[in-house]
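Since the structure comes first, as structure tokens, the remarks are kept for the end.
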Amino acid sequence: MSAFLNIVSKDLRLALRQRSDLTMAVLFFILTAMLFPFGLGPEPNLLARIAPGIIWVTALLSVLLSLERIFLADYEDGSLEQLVLSRASLEIAILAKVLAHWLTTGLPLILAAPLIALLFNMDTEAMTILLFAMLLGTPSLSLIGAIAATLTLGARRGGVLIPLLVLPLYIPTLIFGVGAIDAAMNSLEAGAVIANARPHLLLLGAILLVSLLITPLAGAAALKQALE
Amino acid sequence: MDQVINFFSMGNYGAYIWTAYSLTAIVMLSLLVTTLHRLRKNQAELEELQHLRETAGQSNNKEETARP
Amino acid sequence: MSVFHRFANPNRFLKLTNTVLPWISGITVLSLLAGLYMAFFTSPPDYQQGETVRIMYIHVPSAWMAMFIYSSIAFASVCSLIWRHPLADLAAKASAPIGAGFTFLALATGSLWGKPMWGAWWVWDARLTSVLILFFLYLGHMALMNAFEEQERGNRAAAVLAIVGFVNIPIIKFSVDWWNTLHQPASVMRADGPSIDPSMLWPLLIMGLAFKFFYLVVVLIRIKSELIEAKLRKYRRAVVDNA
């Protein structure tokens, strides 16, 4: 447990020191989302209807930007090798790195999402569901992305490779994430919002559980063979 | 003759059907051809190297038998 | 000659391959000819889709192969990671381009079938969309396999990716179906339902058989080629070491 917390706090301290990395994802998120009204026109109803899709797609892309960073510094300075040699649980270490990544990328995105929702005329109920969906969905993005990050360690053009590996695997999260908000926006009665969005949120939770299971196993296997 | 034309026009869907079939033929044939080409190339290279090795090995053997 | 002793097991594989290859090549050619003959001359045009239904005899087998080959790669990857079987890596590496080729064919022929039937080259139908995602999984697998200086490292990384992808395929399929029913009222594609007439089912099955044997022929030749390449690498390394 202490090893877990050590890794998390070390990564967090590092991220805070290099604040540019931390703000880049959020800035990218807001800026790209802001481009859509210019491309599609300022009509409020249209913007409100497509807002869930835009927010989720831009969130996926923002997460993508920082994936390579999760393991690269530790790989290059040799501390990853030490980790493998120290017989400490690789699975725990990977989960710690993912948590740190989520705290520095996923969480800021969630905090920035209401701002974009406001700009796109989303109503408050849909916005609450959006926050719940992102709370359940963004950890999966970090988890799935971490697999690609471990697999491409030491690869030629690793940064270009990651989107190709990761985006197909992000599609279910995108579908259910957008679906939850769509369901909330399409419900006519106020009381039905939660009930309509619930199946999507449950499925997002299921994806999170599956990712929590797969990432440590696949990541540990990938790390071991990367440092052989 | 009419029969042949009828066959190739495929109820006016000929363009789609024959494109689909020729595309399939192209992809499958090029998979086969590149695979065979690589096999031939590798086999030729291996034979060459083995031949080189054998001649080198024979000269080594001669040296060894000549020594005592 | 110690180089060859290390390949004792692959040598047995090579011997087996050489005896089997003429036979399965023969089966491929015969079933392909029979399938094509039946597809064009004995099977009737569909009462709804007309002659375009003949695209089904290459489209559906391609889609079958797309899925079958990805499953084979995942299986080979498990063998490679758990038992470190030397042939498993080669099988996965040899299969990937063939699988990608068939996935591309499934998409292209589906598009050529869709244009006259649905009036559009591409429809975001659940099945088409799933195959498109599968195509990207193949591309990622192949790119990762060739992204490293050391072939060994690429093989292992690709093996992990193939297994992760395989576990994700049912999730992706389910989510795409869910997404599609949300946005589209009914499925457009009905031709390959279970109620297919025997005069269409037989050519379909025979073409499916032909495609499967074609894959077997090509993959065996590719593995053979890879084995020779491995020998070449060892020779070259030996030459460099001696010098």
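FYI, nothing fancy with the structure tokens labels: chains A, B, ... in order, residues from 1 per chain, ligands from 1 as they appear.
Excluding A:Ile194 and any residue on its chain fewer than 2 positions from it, the residues at most 10 Å away by only C-alpha atoms are Glu125, Ala126, Thr128, Ile129, Ala180, Ala183, Ala184, Ser187, Ala190, Gly191, Ala192, Asn196, Ala197, Arg198, Pro199 and Leu201 of chain A.
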Selected residues written out, C-alpha atoms, as a compact mmCIF listing (two decimals), in the first residue's frame:
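Result file is out-v6.txt:
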# COMPACT_ATOMS: atom_id res chain seq x y z
CA GLU A 125 -29.78 17.86 -15.57
CA ALA A 126 -27.83 16.72 -18.60
CA THR A 128 -25.05 16.32 -13.89
CA ILE A 129 -25.30 13.13 -15.92
CA ALA A 180 -25.97 8.44 -21.01
CA ALA A 183 -30.77 9.55 -22.72
CA ALA A 184 -30.90 12.25 -20.07
CA SER A 187 -36.26 12.17 -21.23
CA ALA A 190 -37.80 15.48 -14.85
CA GLY A 191 -37.91 12.33 -12.70
CA ALA A 192 -36.99 10.00 -15.57
CA ASN A 196 -33.04 6.73 -18.50
CA ALA A 197 -29.34 7.29 -18.07
CA ARG A 198 -28.84 4.44 -15.60
CA PRO A 199 -28.21 1.56 -18.07
CA LEU A 201 -23.89 4.54 -16.55
>> Which residues are close to A:Leu174, i.e. within 9 Å by only C-alpha atoms, leaving aside same-chain residues fewer than 2 positions away? Reply as a ChimeraX atom specification.
In response: /A:53,56-57,60,137,170-172,176-179
Selection file, C-alpha atoms, as a PDB file, in the first residue's frame:
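Result written to out_35.pdb:
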ATOM      1  CA  GLY A  53     -20.521  13.900 -28.581  1.00  0.00           C
ATOM      2  CA  TRP A  56     -16.564  13.129 -25.198  1.00  0.00           C
ATOM      3  CA  VAL A  57     -14.586  13.099 -28.438  1.00  0.00           C
ATOM      4  CA  LEU A  60     -10.699  11.252 -25.662  1.00  0.00           C
ATOM      5  CA  GLY A 137     -15.571   6.859 -18.057  1.00  0.00           C
ATOM      6  CA  TYR A 170     -12.014   3.708 -26.631  1.00  0.00           C
ATOM      7  CA  ILE A 171     -15.125   3.345 -28.789  1.00  0.00           C
ATOM      8  CA  PRO A 172     -17.319   1.529 -26.202  1.00  0.00           C
ATOM      9  CA  PHE A 176     -21.999   4.714 -23.539  1.00  0.00           C
ATOM     10  CA  GLY A 177     -20.642   8.041 -22.328  1.00  0.00           C
ATOM     11  CA  VAL A 178     -22.530   9.937 -25.016  1.00  0.00           C
ATOM     12  CA  GLY A 179     -25.513   7.581 -24.690  1.00  0.00           C
TER      13      GLY A 179
END
> Counting only C-alpha atoms, which residues from chain C have an atom at most 12 Å from any atom of chain A, and could you show them as a PyMOL selection string?
Replying inline: chain C and resi 78+81-82+129-183
>> Using only C-alpha atoms and a cut-off of 8 Å, which residues of chain B sit close to chain C? Please list them as number ranges by chain.
In response: B: 10-11, 13, 16-17, 19-21, 23-24, 27-28, 31-32, 35-36, 38-39, 42-43, 45-46, 49
>> Please compute the atom CA of A:Ser9-atom CA of A:Leu83 distance, one decimal, in Å.
In response: 16.0 Å
>> Could you go through stretch 53-214 of chain A and tell me which residues DSSP, when run on the backbone, assigns to alpha helix (DSSP H), listing them as a count of residues only?
In response: 135
